[in-house]
$ cat protein38.pdb   # PDB, C-alpha atoms
ATOM      1  CA  MET A 254     161.730 340.211   6.209
ATOM      2  CA  SER A 255     162.695 337.669   8.828
ATOM      3  CA  GLY A 256     162.645 340.516  11.372
ATOM      4  CA  VAL A 257     159.070 341.398  10.493
ATOM      5  CA  LEU A 258     157.984 337.753  10.622
ATOM      6  CA  GLY A 259     159.783 337.345  13.923
ATOM      7  CA  SER A 260     158.028 340.282  15.575
ATOM      8  CA  ARG A 261     154.678 339.209  14.090
ATOM      9  CA  GLY A 262     155.258 335.765  15.525
ATOM     10  CA  ARG A 263     155.882 337.274  18.938
ATOM     11  CA  VAL A 264     152.652 339.281  18.754
ATOM     12  CA  VAL A 265     150.709 336.156  17.802
ATOM     13  CA  GLY A 266     152.351 334.317  20.657
ATOM     14  CA  LEU A 267     151.430 337.110  23.022
ATOM     15  CA  VAL A 268     147.795 337.071  21.952
ATOM     16  CA  ILE A 269     147.629 333.286  22.276
ATOM     17  CA  GLY A 270     149.212 333.551  25.709
ATOM     18  CA  VAL A 271     146.599 336.065  26.860
ATOM     19  CA  VAL A 272     143.760 333.937  25.512
ATOM     20  CA  VAL A 273     145.114 330.849  27.272
ATOM     21  CA  ILE A 274     145.374 332.746  30.547
ATOM     22  CA  LEU A 275     141.830 334.084  30.223
ATOM     23  CA  ILE A 276     140.504 330.594  29.548
ATOM     24  CA  ALA A 277     142.465 329.199  32.482
ATOM     25  CA  ALA A 278     141.257 332.001  34.776
ATOM     26  CA  THR A 279     137.670 331.364  33.699
ATOM     27  CA  GLY A 280     138.072 327.661  34.333
ATOM     28  CA  VAL A 281     139.465 328.275  37.795
ATOM     29  CA  GLY A 282     136.737 330.796  38.502
ATOM     30  CA  VAL A 283     133.941 328.497  37.397
ATOM     31  CA  TYR A 284     135.069 325.076  38.609
ATOM     32  CA  GLY A 285     137.069 326.293  41.559
ATOM     33  CA  GLY A 286     134.050 328.056  43.072
ATOM     34  CA  VAL A 287     135.949 331.325  43.198
ATOM     35  CA  PHE A 288     132.927 333.436  42.344
ATOM     36  CA  ASP A 289     130.742 334.054  45.407
ATOM     37  CA  VAL A 290     127.045 333.719  44.538
ATOM     38  CA  ALA A 291     125.787 334.583  48.036
ATOM     39  CA  ALA A 292     123.007 337.149  47.895
ATOM     40  CA  ASP A 293     124.379 338.846  50.989
ATOM     41  CA  THR A 294     127.736 339.501  49.324
ATOM     42  CA  PRO A 295     127.187 342.188  46.687
ATOM     43  CA  HIS A 296     128.954 342.210  43.354
ATOM     44  CA  SER A 297     132.052 344.317  42.995
ATOM     45  CA  GLN A 298     131.362 347.637  41.293
ATOM     46  CA  PRO A 299     132.756 346.599  37.866
ATOM     47  CA  VAL A 300     130.699 343.385  37.810
ATOM     48  CA  TYR A 301     127.605 345.249  39.029
ATOM     49  CA  TRP A 302     128.026 347.888  36.334
ATOM     50  CA  LEU A 303     128.417 345.213  33.641
ATOM     51  CA  LEU A 304     125.341 343.260  34.686
ATOM     52  CA  GLN A 305     123.274 346.421  35.100
ATOM     53  CA  THR A 306     124.243 347.679  31.656
ATOM     54  CA  ILE A 307     123.477 344.316  30.044
ATOM     55  CA  ARG A 308     120.070 344.348  31.717
ATOM     56  CA  GLN A 309     119.273 347.942  30.749
ATOM     57  CA  ARG A 310     120.190 347.398  27.110
ATOM     58  CA  SER A 311     118.361 344.080  26.900
ATOM     59  CA  ILE A 312     115.143 345.587  28.223
ATOM     60  CA  ALA A 313     115.380 348.758  26.141
ATOM     61  CA  THR A 314     115.919 346.686  22.983
ATOM     62  CA  ARG A 315     113.026 344.313  23.565
ATOM     63  CA  ALA A 316     110.365 346.550  25.107
ATOM     64  CA  THR A 317     108.308 347.426  22.040
ATOM     65  CA  ASN A 318     104.665 346.827  23.034
ATOM     66  CA  PRO A 319     102.351 349.720  22.230
ATOM     67  CA  VAL A 320     100.991 351.469  25.302
ATOM     68  CA  PRO A 321      97.196 351.294  25.758
ATOM     69  CA  ALA A 322      95.529 354.658  25.240
ATOM     70  CA  ASP A 323      93.647 354.360  28.545
ATOM     71  CA  LEU A 324      96.670 353.627  30.730
ATOM     72  CA  SER A 325      95.906 356.473  33.134
ATOM     73  CA  ASP A 326      92.226 355.508  33.441
ATOM     74  CA  PRO A 327      91.328 355.441  37.172
ATOM     75  CA  LYS A 328      89.631 352.063  36.671
ATOM     76  CA  ARG A 329      92.896 350.567  35.424
ATOM     77  CA  VAL A 330      94.785 352.156  38.293
ATOM     78  CA  ALA A 331      92.326 350.780  40.857
ATOM     79  CA  ALA A 332      92.416 347.307  39.301
ATOM     80  CA  GLY A 333      96.202 347.400  39.288
ATOM     81  CA  ALA A 334      96.349 348.457  42.942
ATOM     82  CA  ALA A 335      94.872 345.217  44.218
ATOM     83  CA  GLN A 336      97.158 343.142  42.044
ATOM     84  CA  TYR A 337     100.198 345.140  43.095
ATOM     85  CA  ALA A 338      99.334 344.711  46.764
ATOM     86  CA  GLU A 339      99.056 340.940  46.280
ATOM     87  CA  MET A 340     101.814 340.214  43.757
ATOM     88  CA  CYS A 341     104.386 342.978  44.087
ATOM     89  CA  SER A 342     104.382 344.785  47.409
ATOM     90  CA  GLY A 343     106.183 342.020  49.280
ATOM     91  CA  CYS A 344     109.348 342.818  47.369
ATOM     92  CA  HIS A 345     108.797 346.263  45.872
ATOM     93  CA  LEU A 346     106.931 347.705  48.873
ATOM     94  CA  GLY A 347     104.121 350.244  48.841
ATOM     95  CA  PRO A 348     103.507 353.680  50.344
ATOM     96  CA  GLY A 349     103.821 353.552  54.110
ATOM     97  CA  MET A 350     105.184 350.015  54.202
ATOM     98  CA  LYS A 351     108.175 349.010  56.270
ATOM     99  CA  ARG A 352     110.887 347.142  54.424
ATOM    100  CA  THR A 353     109.941 343.482  54.347
ATOM    101  CA  GLU A 354     112.298 340.580  54.932
ATOM    102  CA  LEU A 355     112.181 339.883  51.210
ATOM    103  CA  SER A 356     113.066 343.451  50.300
ATOM    104  CA  GLN A 357     116.035 343.372  52.666
ATOM    105  CA  GLY A 358     117.350 340.015  51.514
ATOM    106  CA  LEU A 359     116.930 340.154  47.743
ATOM    107  CA  TYR A 360     119.964 340.865  45.614
ATOM    108  CA  PRO A 361     119.949 342.828  43.482
ATOM    109  CA  ARG A 362     117.497 344.849  45.512
ATOM    110  CA  ALA A 363     113.954 345.003  44.171
ATOM    111  CA  PRO A 364     113.447 348.672  43.258
ATOM    112  CA  GLU A 365     111.142 350.465  45.676
ATOM    113  CA  LEU A 366     108.596 351.493  43.086
ATOM    114  CA  ARG A 367     106.837 353.852  45.513
ATOM    115  CA  ARG A 368     109.801 356.168  44.928
ATOM    116  CA  GLY A 369     109.259 356.349  41.196
ATOM    117  CA  SER A 370     111.146 354.947  38.248
ATOM    118  CA  ARG A 371     112.963 356.061  35.136
ATOM    119  CA  LEU A 372     111.473 353.257  33.084
ATOM    120  CA  THR A 373     108.984 353.885  30.316
ATOM    121  CA  SER A 374     105.551 352.257  30.516
ATOM    122  CA  THR A 375     106.597 349.804  27.836
ATOM    123  CA  GLU A 376     109.706 348.819  29.730
ATOM    124  CA  GLU A 377     107.716 348.341  32.938
ATOM    125  CA  PHE A 378     105.237 346.150  31.078
ATOM    126  CA  TRP A 379     108.025 344.097  29.538
ATOM    127  CA  ILE A 380     109.678 343.496  32.906
ATOM    128  CA  ILE A 381     106.406 342.512  34.600
ATOM    129  CA  LYS A 382     105.508 340.177  31.745
ATOM    130  CA  HIS A 383     108.881 338.528  31.104
ATOM    131  CA  GLY A 384     110.644 338.887  34.436
ATOM    132  CA  ILE A 385     114.406 339.192  34.761
ATOM    133  CA  LYS A 386     116.713 336.175  34.957
ATOM    134  CA  MET A 387     118.651 335.491  38.142
ATOM    135  CA  THR A 388     117.006 338.307  40.108
ATOM    136  CA  GLY A 389     113.896 336.871  41.702
ATOM    137  CA  MET A 390     111.651 338.939  39.403
ATOM    138  CA  PRO A 391     109.092 336.449  38.051
ATOM    139  CA  ALA A 392     107.608 336.368  34.550
ATOM    140  CA  TRP A 393     104.035 337.222  35.453
ATOM    141  CA  GLY A 394     103.036 336.839  31.826
ATOM    142  CA  VAL A 395     103.148 333.072  32.296
ATOM    143  CA  THR A 396     100.093 333.223  34.560
ATOM    144  CA  HIS A 397      98.463 336.569  33.775
ATOM    145  CA  LYS A 398      96.966 338.206  30.713
ATOM    146  CA  ASP A 399      98.486 341.321  29.182
ATOM    147  CA  GLU A 400      95.468 343.436  30.146
ATOM    148  CA  ASN A 401      95.993 342.615  33.824
ATOM    149  CA  LEU A 402      99.682 343.424  33.548
ATOM    150  CA  TRP A 403      98.898 346.801  31.978
ATOM    151  CA  ASP A 404      96.633 347.476  34.990
ATOM    152  CA  ILE A 405      99.665 346.958  37.203
ATOM    153  CA  VAL A 406     101.717 349.315  35.037
ATOM    154  CA  ALA A 407      98.948 351.916  35.322
ATOM    155  CA  PHE A 408      99.062 351.660  39.104
ATOM    156  CA  VAL A 409     102.869 351.651  39.339
ATOM    157  CA  ARG A 410     103.010 354.924  37.438
ATOM    158  CA  LYS A 411     100.473 356.457  39.815
ATOM    159  CA  MET A 412     101.946 355.080  43.038
ATOM    160  CA  PRO A 413     104.705 357.673  43.691
ATOM    161  CA  GLU A 414     101.957 360.302  44.114
ATOM    162  CA  LEU A 415     100.087 358.359  46.786
ATOM    163  CA  THR A 416     100.244 358.666  50.530
ATOM    164  CA  ALA A 417      99.983 355.546  52.671
ATOM    165  CA  ASP A 418      96.278 356.187  53.324
ATOM    166  CA  GLU A 419      95.522 356.832  49.658
ATOM    167  CA  TYR A 420      97.286 353.599  48.757
ATOM    168  CA  GLN A 421      95.250 351.565  51.224
ATOM    169  CA  ALA A 422      92.025 353.206  50.074
ATOM    170  CA  LEU A 423      92.830 352.471  46.430
ATOM    171  CA  VAL A 424      93.576 348.820  47.153
ATOM    172  CA  LYS A 425      90.275 348.476  48.992
ATOM    173  CA  SER A 426      88.380 350.223  46.209
ATOM    174  CA  SER A 427      89.635 347.845  43.553
ATOM    175  CA  PRO A 428      86.748 346.142  41.688
ATOM    176  CA  LYS A 429      88.309 342.711  42.183
ATOM    177  CA  THR A 430      90.839 341.200  44.510
ATOM    178  CA  HIS A 431      93.706 339.311  42.925
ATOM    179  CA  ASP A 432      92.120 335.952  43.802
ATOM    180  CA  GLU A 433      88.798 336.975  42.253
ATOM    181  CA  MET A 434      90.591 338.063  39.104
ATOM    182  CA  MET A 435      92.453 334.756  38.846
ATOM    183  CA  GLN A 436      89.234 332.771  39.404
ATOM    184  CA  GLU A 437      87.540 334.757  36.672
ATOM    185  CA  MET A 438      90.443 334.026  34.336
ATOM    186  CA  ASP A 439      90.255 330.327  35.157
ATOM    187  CA  MET A 440      86.516 330.236  34.467
ATOM    188  CA  LYS A 441      86.903 331.985  31.125
ATOM    189  CA  SER A 442      89.669 329.580  30.227
ATOM    190  CA  HIS A 443      87.444 326.565  31.014
ATOM    191  CA  ASP A 444      84.565 328.052  29.017
ATOM    192  CA  HIS A 445      86.755 328.063  25.933
ATOM    193  CA  HIS A 446      87.445 324.325  26.224
TER     194      HIS A 446
ATOM    195  CA  MET B  65     164.665 339.740  25.271
ATOM    196  CA  GLN B  66     162.982 343.121  25.769
ATOM    197  CA  THR B  67     159.920 341.892  23.922
ATOM    198  CA  ARG B  68     159.777 338.765  26.069
ATOM    199  CA  ASN B  69     159.971 340.852  29.230
ATOM    200  CA  PHE B  70     157.220 343.104  27.937
ATOM    201  CA  ALA B  71     155.123 340.081  27.001
ATOM    202  CA  CYS B  72     155.533 338.591  30.462
ATOM    203  CA  ARG B  73     154.589 341.851  32.141
ATOM    204  CA  PHE B  74     151.579 342.285  29.875
ATOM    205  CA  ILE B  75     150.323 338.759  30.473
ATOM    206  CA  CYS B  76     150.766 339.101  34.228
ATOM    207  CA  ALA B  77     148.997 342.455  34.277
ATOM    208  CA  THR B  78     146.088 340.978  32.324
ATOM    209  CA  ALA B  79     145.782 338.059  34.727
ATOM    210  CA  VAL B  80     145.832 340.399  37.717
ATOM    211  CA  ALA B  81     143.223 342.682  36.157
ATOM    212  CA  VAL B  82     140.885 339.780  35.425
ATOM    213  CA  THR B  83     141.187 338.416  38.968
ATOM    214  CA  ALA B  84     140.850 341.845  40.552
ATOM    215  CA  SER B  85     137.665 342.726  38.697
ATOM    216  CA  MET B  86     136.009 339.589  40.023
ATOM    217  CA  SER B  87     137.014 340.033  43.616
ATOM    218  CA  ALA B  88     137.423 343.772  44.212
ATOM    219  CA  SER B  89     135.934 344.963  47.468
ATOM    220  CA  PRO B  90     132.482 346.385  46.938
ATOM    221  CA  THR B  91     131.940 350.064  47.578
ATOM    222  CA  LEU B  92     130.268 350.584  50.913
ATOM    223  CA  ALA B  93     126.654 351.579  50.944
ATOM    224  CA  LEU B  94     123.967 352.868  53.216
ATOM    225  CA  ALA B  95     121.312 350.873  55.064
ATOM    226  CA  HIS B  96     117.724 352.071  55.046
ATOM    227  CA  GLU B  97     117.169 350.604  58.493
ATOM    228  CA  ALA B  98     119.194 352.840  60.795
ATOM    229  CA  HIS B  99     118.502 350.725  63.825
ATOM    230  CA  GLN B 100     120.210 347.769  62.158
ATOM    231  CA  MET B 101     123.330 349.751  61.282
ATOM    232  CA  GLU B 102     126.421 348.157  62.734
ATOM    233  CA  CYS B 103     130.101 348.335  61.966
ATOM    234  CA  ASN B 104     130.581 344.819  60.725
ATOM    235  CA  LYS B 105     130.992 343.021  57.432
ATOM    236  CA  GLU B 106     127.358 341.887  57.210
ATOM    237  CA  SER B 107     125.956 345.385  57.705
ATOM    238  CA  MET B 108     128.449 346.876  55.302
ATOM    239  CA  ASN B 109     127.489 344.319  52.655
ATOM    240  CA  ALA B 110     123.783 345.046  53.151
ATOM    241  CA  MET B 111     124.432 348.749  52.866
ATOM    242  CA  ASN B 112     126.501 348.240  49.770
ATOM    243  CA  ALA B 113     123.614 346.420  48.117
ATOM    244  CA  ASP B 114     121.295 349.296  49.027
ATOM    245  CA  VAL B 115     123.543 352.009  47.692
ATOM    246  CA  GLN B 116     124.242 350.077  44.485
ATOM    247  CA  ALA B 117     120.507 350.361  43.862
ATOM    248  CA  MET B 118     120.517 354.144  44.351
ATOM    249  CA  THR B 119     120.207 356.533  41.447
ATOM    250  CA  GLU B 120     123.465 357.970  40.217
ATOM    251  CA  GLY B 121     123.852 361.526  41.487
ATOM    252  CA  GLU B 122     125.259 363.741  44.207
ATOM    253  CA  VAL B 123     123.381 361.993  47.005
ATOM    254  CA  LYS B 124     124.865 358.639  46.019
ATOM    255  CA  LYS B 125     128.359 360.132  45.738
ATOM    256  CA  THR B 126     128.113 361.672  49.202
ATOM    257  CA  VAL B 127     126.783 358.480  50.709
ATOM    258  CA  MET B 128     129.514 356.398  49.103
ATOM    259  CA  LYS B 129     132.215 358.796  50.313
ATOM    260  CA  GLU B 130     130.973 358.642  53.909
ATOM    261  CA  MET B 131     130.709 354.881  53.781
ATOM    262  CA  GLN B 132     134.244 354.536  52.430
ATOM    263  CA  MET B 133     135.394 356.524  55.433
ATOM    264  CA  ALA B 134     133.279 354.355  57.700
ATOM    265  CA  GLN B 135     134.945 351.269  56.280
ATOM    266  CA  GLU B 136     138.343 352.826  56.817
ATOM    267  CA  MET B 137     137.458 353.493  60.466
ATOM    268  CA  MET B 138     136.256 349.916  60.831
ATOM    269  CA  ARG B 139     139.578 348.644  59.489
ATOM    270  CA  LYS B 140     141.317 350.735  62.102
ATOM    271  CA  LYS B 141     138.896 349.317  64.699
ATOM    272  CA  ASP B 142     137.615 352.795  65.477
ATOM    273  CA  MET B 143     133.945 351.817  65.897
ATOM    274  CA  LYS B 144     132.888 355.245  67.136
ATOM    275  CA  GLY B 145     134.339 356.860  64.052
ATOM    276  CA  CYS B 146     132.787 354.170  61.890
ATOM    277  CA  MET B 147     129.288 354.746  63.299
ATOM    278  CA  SER B 148     129.732 358.504  63.016
ATOM    279  CA  HIS B 149     130.474 358.248  59.283
ATOM    280  CA  MET B 150     127.607 355.841  58.798
ATOM    281  CA  ARG B 151     125.233 358.326  60.438
ATOM    282  CA  ASN B 152     126.680 361.077  58.219
ATOM    283  CA  ALA B 153     125.976 358.858  55.230
ATOM    284  CA  MET B 154     122.320 358.555  56.242
ATOM    285  CA  GLU B 155     121.787 362.329  56.381
ATOM    286  CA  PRO B 156     121.993 363.289  52.688
ATOM    287  CA  TRP B 157     119.832 360.338  51.790
ATOM    288  CA  ARG B 158     117.170 361.216  54.347
ATOM    289  CA  ASN B 159     117.292 364.938  53.655
ATOM    290  CA  SER B 160     117.088 364.747  49.894
ATOM    291  CA  GLY B 161     113.706 366.294  49.233
ATOM    292  CA  VAL B 162     113.212 364.245  46.098
ATOM    293  CA  SER B 163     111.916 360.726  46.148
ATOM    294  CA  ASP B 164     115.009 358.751  45.351
ATOM    295  CA  VAL B 165     114.815 356.604  42.274
ATOM    296  CA  VAL B 166     116.209 353.392  43.553
ATOM    297  CA  GLU B 167     117.407 351.797  40.380
ATOM    298  CA  PRO B 168     117.467 353.236  36.890
ATOM    299  CA  LEU B 169     116.837 350.097  34.890
ATOM    300  CA  GLY B 170     116.312 351.495  31.434
ATOM    301  CA  SER B 171     116.242 354.551  29.256
ATOM    302  CA  GLY B 172     113.262 356.801  28.999
ATOM    303  CA  ARG B 173     111.356 359.607  30.563
ATOM    304  CA  ALA B 174     111.380 359.868  34.333
ATOM    305  CA  HIS B 175     108.061 359.896  36.151
ATOM    306  CA  ARG B 176     109.428 360.499  39.609
ATOM    307  CA  ALA B 177     107.317 362.451  42.031
ATOM    308  CA  GLU B 178     109.703 365.359  42.519
ATOM    309  CA  GLY B 179     109.555 366.891  45.969
ATOM    310  CA  ASN B 180     107.243 364.180  47.248
ATOM    311  CA  ALA B 181     109.337 362.778  50.052
ATOM    312  CA  VAL B 182     107.994 359.425  51.146
ATOM    313  CA  GLU B 183     108.068 358.814  54.860
ATOM    314  CA  GLU B 184     109.264 355.385  55.800
ATOM    315  CA  THR B 185     107.805 353.911  58.947
ATOM    316  CA  HIS B 186     110.157 351.908  61.127
TER     317      HIS B 186
END
$ encode --input "protein38.pdb" --output "C-alpha cells"
Amino acid sequence: MSGVLGSRGRVVGLVIGVVVILIAATGVGVYGGVFDVAADTPHSQPVYWLLQTIRQRSIATRATNPVPADLSDPKRVAAGAAQYAEMCSGCHLGPGMKRTELSQGLYPRAPELRRGSRLTSTEEFWIIKHGIKMTGMPAWGVTHKDENLWDIVAFVRKMPELTADEYQALVKSSPKTHDEMMQEMDMKSHDHH
Amino acid sequence: MQTRNFACRFICATAVAVTASMSASPTLALAHEAHQMECNKESMNAMNADVQAMTEGEVKKTVMKEMQMAQEMMRKKDMKGCMSHMRNAMEPWRNSGVSDVVEPLGSGRAHRAEGNAVEETH
C-alpha cells in the first residue's frame, strides 16, 4: 500500500514538475522577448503548422453563410473586379502583376489569388468580411455591405481563368469604381437618417 | 533513485522540446523573384516564407529539398553550390504546368485553373 502511494506521489510530483517548467518557459518566452515577431523571420515549421491549422479550423467552423444563387453572374464578376483591383490587388496581386512591396513583405504571405484557391465560396466570403487576426487581412465587413463582398468573391473565383489583358478589360468594364460604390453607400446611409 | 533519474530526464527532455519547437530553424524556401536570390540569411528567410505558403505536394517537397541543400552549401561557405541549388529549386516551381495554389486555408472543393500557367512579369 505504501509502495503504491509512494509511486503515485512520484507521478504527481513529476506532473507538477513538468507543469512548473512549462509555465516558467512560457514566462521566459513572453517576458524575456525570446519569441521573434519580426515579419522577415518566418515561424519555425511546427509553429507555422499549428497556426495554420488553427486558422483553417476556425474558418471552416464559422463560414456558414449561404452562397447567393447568382454568384457566377457576369455583372457580379465585373463589379467585383473593380473592388478587387482597388482593395485587394496590392497584397493578393492580379493577373500579369509583378509582386508588390506589400506582397513581398507581408508575413504570412497574402495568397496570390490569381493562382486559385482551395477555399469554398463561403470561406472566401467569411475571410473577406471578418479578416484574419495578426495577418494584415482586414475585416472589410466593417466598411462594406455583404452584397459588395459577394461581388468580390464572384470575381476571385473567376480570376484564375483570366489573362492579364482580360483582367484589365474586366476592371475597366466594371459598372462602378470602388470610390463610386463607396459614395453611393454613403448617400444611401445618409438618406436613411 | 531510478525513478528520480527518469523524472529528471523526462523533465529535461520536455524543457528542451518546448524550447526547440519555438526556435527551430525554418525550412528553407524559394523566392519568386529570381533576380533577388542571394545566399544570405535575409534571402533564405524570404524564400522560406514563400515556400511555407506553397501547396503541399511534390513541387513543394522538391523545392524544400533543394533549399535545404542550398542552406547546407551556405553553411560551408560554398556560394556557387548554394546558388546552384537555389536555381534547381526554382525549376520545379516554374515548370509545374498547374497554377500553384499558394496557401490552402480551408477545406472544400478546389477551383484551381488546372494547366493554366500564369506568367509572372519581372
$ resolve_selection --input "protein38.pdb" --expression "the ChimeraX specification (/B :<7) & /A" --output "ChimeraX atom specification"
/A:267,271,274,293-300,309,312-313,349-351,361-362,364-365,368-373,413-414
$ resolve_selection --input "protein38.pdb" --expression "the PyMOL selection byres ((chain A and resi 395-409) around 9)" --output "ChimeraX atom specification"
/A:320-321,323-337,366-367,369-370,374-375,377-378,381-383,391-394,410-413,434-435,438
$ resolve_selection --input "protein38.pdb" --expression "the PyMOL selection byres ((chain A and resi 359) around 9)" --output "PyMOL selection string"
chain A and resi 292-293+344+354-358+360-363+388-389
$ atom_distance --input "protein38.pdb" --atom1 "atom CA of Gln421 of chain A" --atom2 "atom CA of Asp439 of chain A"
27.1 Å
$ closest_residue --input "protein38.pdb" --among "A:Ile385, A:Ile269, A:His431, A:Leu346" --to "Ala417 of chain A" --atoms "only C-alpha atoms"
A:Leu346
$ atom_distance --input "protein38.pdb" --atom1 "atom CA of Glu376 of chain A" --atom2 "atom CA of Gly347 of chain A"
20.0 Å
$ atom_distance --input "protein38.pdb" --atom1 "atom CA of Arg310 of chain A" --atom2 "atom CA of Trp379 of chain A"
12.8 Å
